[in-house]
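**Student:** The structure under discussion is supplied below as structure tokens; questions concerning it will follow.
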Amino acid sequence: MSNIRTIVCNADAVLFPASGRKDKVVITLSGSEGVSKGAEYAATAAIQFPELSMVILKTPSWFYSEGMAAGKRPSGTSCWSYQGRELPFTPYKTRRFPIAREILRRREFNILEFNTGKAINPDSIIPVGKTKAPILLFSTKADTIWPSVESGQKIVERLEEHDFPYPYRHICFEYTSHMMLENCGSAIRWFIKSEKQFPEECAKERLMMGKECIRWIEQVWK
């Protein structure tokens, strides 16, 4: 899966993947980082596998969503399953996605309308409070896929409700699009307005995001 990666590092360096030897003892830390649906996956993995001792979630969702079937239609099933069991999910509010029409109407890739105003299934809310690791969250006000700012706020609320004992932080950007990759390429400017209108601001925010990830790994992840 291209939008999730496992981070393995030693006490001295960040390597993808690697393990290190220090004072004749192998010290290995494993964490997960995900973007968009990959963030949903990374959060779920960290809940199920406590050996993942650090989590970075970029433009996450705060609940498990319905999957997509061939033809870009809702599947009627969850995106995720574990040990053969489907995880509870919140369905889409429409059974078809006129994505091409929305692109033409909005002149960018924008499916926010399909991902807002859902009737959230309480059982589908990701139990982030069960995570046994520091959590770093990124969201953006310029998101055109789903309301990631709201998701980040909802995740923080749940952590606060559970008196989460590990460090956590939510950083919200103004201009960067849903595609929160440190090196996203210039082609994204052709289908996301904010990336085209504010290229310098987006570049600065991506640089800031990368630096904060490194700081979090070096100073918070223990």
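Here's how to read the names in the structure tokens: chain A, B, ... by the order shown, residue numbers from 1 in each chain, ligand numbers from 1 in the order shown.
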Extract, using only C-alpha atoms, all DNA, RNA and protein residues at most 9 Å from Val220 in chain A, discarding same-chain residues fewer than 4 positions from it, and format them as a ChimeraX atom specification.
**Tutor:** /A:54,134,167,215-216
**Student:** What's the 8 Å shell around Arg95 in chain A, counting only C-alpha atoms, without same-chain residues fewer than 3 positions away, as a PyMOL selection string?
**Tutor:** chain A and resi 73-74+92
**Student:** Would you write out those residues with C-alpha atoms, as a compact mmCIF listing (two decimals), in the first residue's frame?
**Tutor:**
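out.txt, written as the output of this step:
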```txt
# COMPACT_ATOMS: atom_id res chain seq x y z
CA ARG A 73 -19.45 2.63 -6.14
CA PRO A 74 -19.88 1.96 -2.41
CA TYR A 92 -21.66 6.64 2.38
```
**Student:** At a cut-off of 8 Å, using only C-alpha atoms, what residues contact range 195-197 of chain A? Leave out same-chain residues fewer than 5 positions from it and give the result as a PDB file with N, CA, C and O atoms, in the first residue's frame.
**Tutor:**
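Output below, filename part-v4.pdb:
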```pdb
ATOM      1  N   TYR A 175      -3.053  25.621   3.570  1.00  0.00           N
ATOM      2  CA  TYR A 175      -3.032  25.569   2.113  1.00  0.00           C
ATOM      3  C   TYR A 175      -2.784  24.178   1.518  1.00  0.00           C
ATOM      4  O   TYR A 175      -3.283  23.879   0.435  1.00  0.00           O
ATOM      5  N   THR A 176      -2.016  23.353   2.197  1.00  0.00           N
ATOM      6  CA  THR A 176      -1.673  22.046   1.649  1.00  0.00           C
ATOM      7  C   THR A 176      -2.926  21.217   1.419  1.00  0.00           C
ATOM      8  O   THR A 176      -3.862  21.253   2.207  1.00  0.00           O
ATOM      9  N   SER A 177      -2.928  20.443   0.355  1.00  0.00           N
ATOM     10  CA  SER A 177      -4.092  19.629   0.026  1.00  0.00           C
ATOM     11  C   SER A 177      -4.124  18.350   0.853  1.00  0.00           C
ATOM     12  O   SER A 177      -3.261  18.095   1.692  1.00  0.00           O
ATOM     13  N   ILE A 188       0.254  17.844  -9.042  1.00  0.00           N
ATOM     14  CA  ILE A 188      -0.935  18.013  -8.218  1.00  0.00           C
ATOM     15  C   ILE A 188      -1.588  19.375  -8.420  1.00  0.00           C
ATOM     16  O   ILE A 188      -2.784  19.561  -8.180  1.00  0.00           O
ATOM     17  N   ARG A 189      -0.824  20.343  -8.911  1.00  0.00           N
ATOM     18  CA  ARG A 189      -1.366  21.684  -9.124  1.00  0.00           C
ATOM     19  C   ARG A 189      -2.412  21.711 -10.228  1.00  0.00           C
ATOM     20  O   ARG A 189      -3.205  22.652 -10.312  1.00  0.00           O
ATOM     21  N   TRP A 190      -2.440  20.679 -11.050  1.00  0.00           N
ATOM     22  CA  TRP A 190      -3.393  20.627 -12.155  1.00  0.00           C
ATOM     23  C   TRP A 190      -4.790  20.219 -11.699  1.00  0.00           C
ATOM     24  O   TRP A 190      -5.765  20.464 -12.411  1.00  0.00           O
ATOM     25  N   CYS A 202       2.216  26.037   0.112  1.00  0.00           N
ATOM     26  CA  CYS A 202       2.119  24.582   0.231  1.00  0.00           C
ATOM     27  C   CYS A 202       3.501  23.962   0.436  1.00  0.00           C
ATOM     28  O   CYS A 202       3.669  23.036   1.245  1.00  0.00           O
TER      29      CYS A 202
END
```
**Student:** Between CA of Ile192 in chain A and CA of Lys118 in chain A, what is the spacing in Å?
**Tutor:**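 One can read the CA of Lys118 in chain A to CA of Ile192 in chain A distance as 23.6 Å.
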**Student:** So that I can check the surroundings of Val156 in chain A, please list as a list in words every protein, DNA and RNA residue that reaches within 10 Å of it, counting only C-alpha atoms and ignoring chain neighbours fewer than 4 positions away.
**Tutor:** Trp62, Val128, Gly129, Ile135, Leu137, Glu150, Ser151, Gly152, Glu160, Glu161, His162, Phe164, Tyr168, Arg169 and His170 of chain A
**Student:** At what distance in Å, to one decimal, does CA of Lys93 in chain A lie from CA of Phe114 in chain A?
**Tutor:**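 These atoms are spaced 7.1 Å apart.
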**Student:** Would you list, as a VMD selection string, the residues of range 15-220 of chain A that end up in strand (DSSP E or B) under DSSP run on this structure's backbone?
**Tutor:** chain A and resid 15 20 to 22 25 to 27 29 to 35 52 to 58 63 65 to 69 73 to 78 81 to 82 85 to 86 90 125 135 to 140 168 to 173
**Student:** Between CA of Arg105 in chain A and CA of Lys193 in chain A, what is the distance, to one decimal in Å?
**Tutor:** 12.9 Å
**Student:** Assign secondary structure with DSSP using the backbone only, and return the residues of range 27-217 of chain A in helix (DSSP H, G or I) as JSON, numbers by chain.
**Tutor:** {"A": [37, 38, 39, 40, 41, 42, 43, 44, 45, 46, 47, 48, 99, 100, 101, 102, 103, 104, 105, 106, 112, 113, 114, 115, 122, 123, 124, 128, 129, 130, 148, 149, 150, 151, 152, 153, 154, 155, 156, 157, 158, 159, 160, 161, 186, 187, 188, 189, 190, 193, 194, 195, 196, 197, 199, 200, 201, 202, 203, 204, 205, 206, 207, 208, 209, 210, 211, 212, 213, 214, 215, 216, 217]}
**Student:** Find the residue from A:Phe63, A:Trp80, A:Trp221, A:Tyr166 that sits nearest to Lys132 in chain A; use only C-alpha atoms when measuring.
**Tutor:** A:Tyr166
